[in-house]
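Inspection log for the structure reproduced underneath, given as structure tokens.
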There are 2 protein chains.
Amino acid sequence: MAETGEASTRDEILDDGYELDRKAVAQILYAVDREDRETLVALMEPLHAADIADLLEQINAFDRRRLILLYGQEMDGEILSELDETLREDVIGIMTPQVLAEAVRELDSDDVVDLIEDLDEEQQGAILDVLPESERLAVQQSLTYPEFSAGRLMQREFVMAPEHWSVGEAIDFLRSSENLPEQFYHVILVDPKLRPVANVTLGRIMSSRRDVTLKSIGEESFHTISVLREEGEVAYAFNQYHLISAPVVDENERLVGVITIDDAMAVLDEENEEDILRLAGVDGESRLSDAVIDTVKRRIPWLAVNLVTAVMASLVIAQFEDAIATVVALAVLMPIVASMGGNAGTQSLTVAVRALATKDLTGANLWRVIRREGAVGLINGVTFAVVMGIVGLIWFGSPALGGVIATAMIINLVVAGLAGIVIPVVLDKVGVDPALASGAFVTTVTDVVGFFAFLGLAVVVLL
Amino acid sequence: MAETGEASTRDEILDDGYELDRKAVAQILYAVDREDRETLVALMEPLHAADIADLLEQINAFDRRRLILLYGQEMDGEILSELDETLREDVIGIMTPQVLAEAVRELDSDDVVDLIEDLDEEQQGAILDVLPESERLAVQQSLTYPEFSAGRLMQREFVMAPEHWSVGEAIDFLRSSENLPEQFYHVILVDPKLRPVANVTLGRIMSSRRDVTLKSIGEESFHTISVLREEGEVAYAFNQYHLISAPVVDENERLVGVITIDDAMAVLDEENEEDILRLAGVDGESRLSDAVIDTVKRRIPWLAVNLVTAVMASLVIAQFEDAIATVVALAVLMPIVASMGGNAGTQSLTVAVRALATKDLTGANLWRVIRREGAVGLINGVTFAVVMGIVGLIWFGSPALGGVIATAMIINLVVAGLAGIVIPVVLDKVGVDPALASGAFVTTVTDVVGFFAFLGLAVVVLL
């Protein structure tokens, strides 16, 4: 087999850390420049479809187009599958209908669903048209399930057996089957109504005597997944229960498909990616390959929200113009209180959002966590109150000013800690994604409270 | 089998979304209160070890101690494995030596390694002492590999076969083996020097005729992993190449172990968790079960860094005290420019940090991405410059003030976009985790530039 040979060539193209090597990319683009198809194919041959997809994402639109046209019929379905959703429409638009048809025909039903669900109707139709009747029906059936559901994620190729079978019967059946799935790890035992009752790993089957019943060697942790289950929940279950594959059932508990861990892992990674981006105020679908204008569109909403927040904070400051005109030091120090509150609030809310996503924050520990965040805010508040009190005293020579900033710091860090936990929990309860919206609310609170506490106390104490 | 019966009971304890039900937790704690061991065991029986671990993480230290002591010998090794690292030391300290010994003996070598690597020496010794000689040696050998390496992650239980074997020979071998691993999905083909040459899925073996050679049905995507490879890289490879299990090799390319996707999935999830927390200025090891004092310790460093940043920004403001005393409106408006810059910078740096982690940002597209961020900053800057220019004009009736804030906004958003990409890339190049440190640098830049541009322009234009 060529695999070991391939591995060494791949190592040249991917650097030590599975990263596309800059020189290799330059060689590939040079081949594209010269329209040298032979060299291009030779250079790309050792690359995995996922690496080719990464390459297509990293080069610019002009080079991408030329590369796809030159690469021609080598553009296979797996590359399309691996490609980021935001680029698929473009790439499919560039491919010739024959190449596209060829590429799609090799894919499993779940990959075809994943491929076409975000395409426009015309492109969807073009792809469905080239599929064999039975697969087209399977894909169309999957598309009837809601987006992001287990039904969209599952593949319809699986291996099942009656619950009363023995190991020998299962082996004979497998040996004689023509159309086994490319990859499978379990035989799913079903009752006469096609309801899954157990999952048997192939390893257990192979290491058991022929007369052993399949039921007696079923896996201890057996989970079925409803076809309507949200894909994030599916990924959670795989990670929590170390599932490798799990049967998917319809509303009558009948087996309709199977989800494997590699798909669940991809979902988990995507969900985490979305959370990271949303927490930073970036649309979760953002990709490095987005055009400038798309990037602007994905970022402006959060900046607009932040502008409103910032203007609200300014309105608070405006109430204290006279005080600031009298004691300019207030203008110098006030951003410190607000900034510390914003950071403490972000810390607290990120922990809360994450704990909600991993189901570690529940009714059982909510009050304890709120008390903890309050206590942490208080301790941190006192710590930085002491520091800033001293800094304020030394800098401006005013014990009163030091006292004001110290007190405001304590107030704002306690509020930040509490807001950071309460706001995400409330948003989650009312069905708003806490990763998306918590930041705006929490920083509004910490800005307003920060400026108001500091300037308000200053008016009372100093003027 | 009892699985389907169990599932319904589990559904009562875990609510719709795999979350521990508050009422069920209350029942369990009530049984602990009454020291009613029988009810406790009955209530916990349907729960998966991972759910029990979650439960232990969610209750307070006092209840946890009582529950563990009452639960007694039911505390098995799997629960310990699933438990968050930060709690393991406590829990192991509570368990009696007999229960601990029993619990550890059932675990695979990789789980024992994962369990003891963070314990103190005394506890490590206690656990190693109860292991059978051969397993103790395996665990000690694994511990010689660096932390977070493939060597620590791999299990030493695997199935290999000579490369020249046929399907029939493999099946006969598996049937006659006494000590097959609990879970395995591939037979690894090795050459006479024990170097892996291919990976054959059990599904392919079972669906092939006895006389077919194993080599001819090897998996197309075959990856070996060096024992020294960092675990995050391992997780990346599994996700990128859809691996289910991969052989691990030592420096002589000899097979020493195997890593399975469920372990890789857990690593991927942890790495993402750490990135999310670090980006928010929280220590990546933070857990909801941390005590108040630990939480304070994990958060104070970032707040201290932020205080320095905020004071630096204040020093910039202090240079313009006279200007602010003359035009108090400057104090009202200046936080807006800094805040918008901070947010735009965070957006840009989060995308960059994420793209570095997923290897989407490389030498091949760095300059294009920098240009894009600059362009996005310019467009967003002009957009909000227009908005704030008008707001400033209407609010304070001064076209000059409107012009000053508009210009400062453009400058700061362009700087924010560029700093957000350049700073993480530079940190990554010099070997500092960009998720950890980028935020402090970028907000320092946007605060200082924001205040300086706005106040400096104001002095030039208005005074």
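Every chain in the structure tokens has a letter given in the order shown (A, B, ...), and although residue numbers restart at 1 in each chain, ligands are simply numbered from 1 in the order shown.
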(request) Could you list the residues in chain A lying within 6 Å of chain B, using only C-alpha atoms, and format the result as number ranges by chain? (result) A: 19, 22, 58, 174-175, 184, 203, 207, 242, 262, 276, 280, 282, 292, 296, 310, 314, 317-318, 325, 331-332, 336, 347, 359, 363-365, 372, 376
Selected residues, N, CA, C and O atoms, written as a short mmCIF file (atom, residue, chain, number, x, y, z; two decimals), in the first residue's frame, please.
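So the final result, stored in result-v3.cif, reads:
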data_model
loop_
_atom_site.label_atom_id
_atom_site.label_comp_id
_atom_site.auth_asym_id
_atom_site.auth_seq_id
_atom_site.Cartn_x
_atom_site.Cartn_y
_atom_site.Cartn_z
N GLU A 19 0.08 21.85 9.80
CA GLU A 19 -0.28 23.12 9.21
C GLU A 19 0.21 23.15 7.78
O GLU A 19 1.28 22.62 7.49
N ARG A 22 3.92 26.93 3.94
CA ARG A 22 3.81 28.09 3.07
C ARG A 22 4.45 27.87 1.71
O ARG A 22 3.94 28.28 0.67
N GLN A 58 -7.78 29.14 2.32
CA GLN A 58 -6.72 30.09 2.63
C GLN A 58 -6.28 30.96 1.45
O GLN A 58 -5.72 32.02 1.65
N LEU A 174 -23.03 -10.78 8.23
CA LEU A 174 -22.11 -9.73 7.78
C LEU A 174 -21.28 -10.20 6.59
O LEU A 174 -21.05 -9.48 5.63
N ARG A 175 -20.83 -11.48 6.69
CA ARG A 175 -19.98 -12.03 5.64
C ARG A 175 -20.73 -12.06 4.30
O ARG A 175 -20.15 -11.86 3.25
N PHE A 184 -18.41 1.14 10.13
CA PHE A 184 -19.39 0.87 11.19
C PHE A 184 -18.68 0.16 12.32
O PHE A 184 -17.69 -0.54 12.12
N GLY A 203 -15.89 -5.53 18.16
CA GLY A 203 -14.82 -6.17 18.92
C GLY A 203 -15.35 -7.29 19.80
O GLY A 203 -14.78 -8.38 19.86
N SER A 207 -14.63 -11.39 19.44
CA SER A 207 -13.90 -12.10 20.47
C SER A 207 -14.81 -13.05 21.26
O SER A 207 -14.40 -13.57 22.29
N HIS A 242 -19.07 8.91 26.36
CA HIS A 242 -18.05 8.21 25.57
C HIS A 242 -18.67 7.28 24.54
O HIS A 242 -18.26 6.13 24.39
N ASP A 262 -17.38 10.78 15.04
CA ASP A 262 -16.62 11.79 14.30
C ASP A 262 -17.52 12.96 13.90
O ASP A 262 -17.10 14.12 13.94
N ILE A 276 -17.17 30.86 21.36
CA ILE A 276 -16.00 31.73 21.49
C ILE A 276 -16.22 33.03 20.72
O ILE A 276 -16.02 34.12 21.24
N ALA A 280 -17.17 37.16 22.00
CA ALA A 280 -16.37 38.33 21.62
C ALA A 280 -17.16 39.29 20.74
O ALA A 280 -16.61 40.24 20.22
N VAL A 282 -18.73 38.55 17.87
CA VAL A 282 -18.58 38.27 16.45
C VAL A 282 -19.61 37.21 16.09
O VAL A 282 -19.81 36.26 16.84
N VAL A 292 -14.33 41.16 2.88
CA VAL A 292 -14.33 42.33 3.77
C VAL A 292 -15.75 42.74 4.12
O VAL A 292 -16.10 42.96 5.29
N VAL A 296 -17.54 42.95 7.78
CA VAL A 296 -18.11 44.18 8.32
C VAL A 296 -19.54 43.90 8.81
O VAL A 296 -19.91 44.26 9.93
N ALA A 310 -22.04 52.58 25.30
CA ALA A 310 -21.04 53.61 25.61
C ALA A 310 -21.70 54.98 25.75
O ALA A 310 -21.33 55.77 26.62
N SER A 314 -21.86 57.53 28.84
CA SER A 314 -21.51 58.95 28.70
C SER A 314 -22.60 59.85 29.29
O SER A 314 -22.32 60.91 29.85
N ILE A 317 -21.96 60.15 32.80
CA ILE A 317 -20.87 61.09 33.05
C ILE A 317 -21.36 62.54 32.92
O ILE A 317 -21.01 63.41 33.72
N ALA A 318 -22.21 62.74 31.90
CA ALA A 318 -22.68 64.10 31.63
C ALA A 318 -23.41 64.71 32.83
O ALA A 318 -23.42 65.94 33.02
N ALA A 325 -15.55 69.44 36.09
CA ALA A 325 -14.94 70.74 35.84
C ALA A 325 -14.21 71.25 37.09
O ALA A 325 -13.16 71.88 37.00
N ALA A 331 -11.98 62.89 36.01
CA ALA A 331 -11.98 62.44 34.62
C ALA A 331 -10.81 61.50 34.36
O ALA A 331 -10.89 60.57 33.55
N VAL A 332 -9.72 61.76 35.08
CA VAL A 332 -8.54 60.90 34.88
C VAL A 332 -8.78 59.51 35.47
O VAL A 332 -8.41 58.50 34.86
N ILE A 336 -10.87 53.95 35.11
CA ILE A 336 -10.28 52.79 35.79
C ILE A 336 -11.37 51.94 36.46
O ILE A 336 -11.40 50.72 36.32
N GLN A 347 -15.14 38.11 33.09
CA GLN A 347 -14.64 36.85 33.67
C GLN A 347 -15.81 36.03 34.19
O GLN A 347 -15.97 34.85 33.87
N LYS A 359 -23.65 22.22 30.98
CA LYS A 359 -24.63 21.73 31.96
C LYS A 359 -24.05 21.55 33.35
O LYS A 359 -24.49 20.69 34.11
N GLY A 363 -30.02 24.13 38.55
CA GLY A 363 -30.77 24.57 39.73
C GLY A 363 -30.12 24.09 41.02
O GLY A 363 -30.25 24.73 42.07
N ALA A 364 -29.38 22.98 40.95
CA ALA A 364 -28.81 22.40 42.16
C ALA A 364 -27.67 23.24 42.74
O ALA A 364 -27.40 23.16 43.93
N ASN A 365 -26.99 24.00 41.90
CA ASN A 365 -25.85 24.76 42.44
C ASN A 365 -25.90 26.26 42.13
O ASN A 365 -24.96 26.99 42.44
N ARG A 372 -20.94 32.55 45.56
CA ARG A 372 -19.50 32.52 45.33
C ARG A 372 -19.05 33.73 44.51
O ARG A 372 -18.06 34.38 44.85
N VAL A 376 -16.38 36.45 45.62
CA VAL A 376 -15.18 36.70 44.83
C VAL A 376 -15.10 38.17 44.45
O VAL A 376 -14.04 38.80 44.55
#
(request) Between atom CA of A:Val200 and atom CA of B:Leu83, measure the distance and give it in Å to one decimal. (result) 26.8 Å
(request) Please provide as a PyMOL selection string all residues within 9 Å of A:Leu462, with the sequence filter that same-chain residues fewer than 2 positions apart are discarded (counting only C-alpha atoms). (result) chain A and resi 323+327+400-401+404+457-460
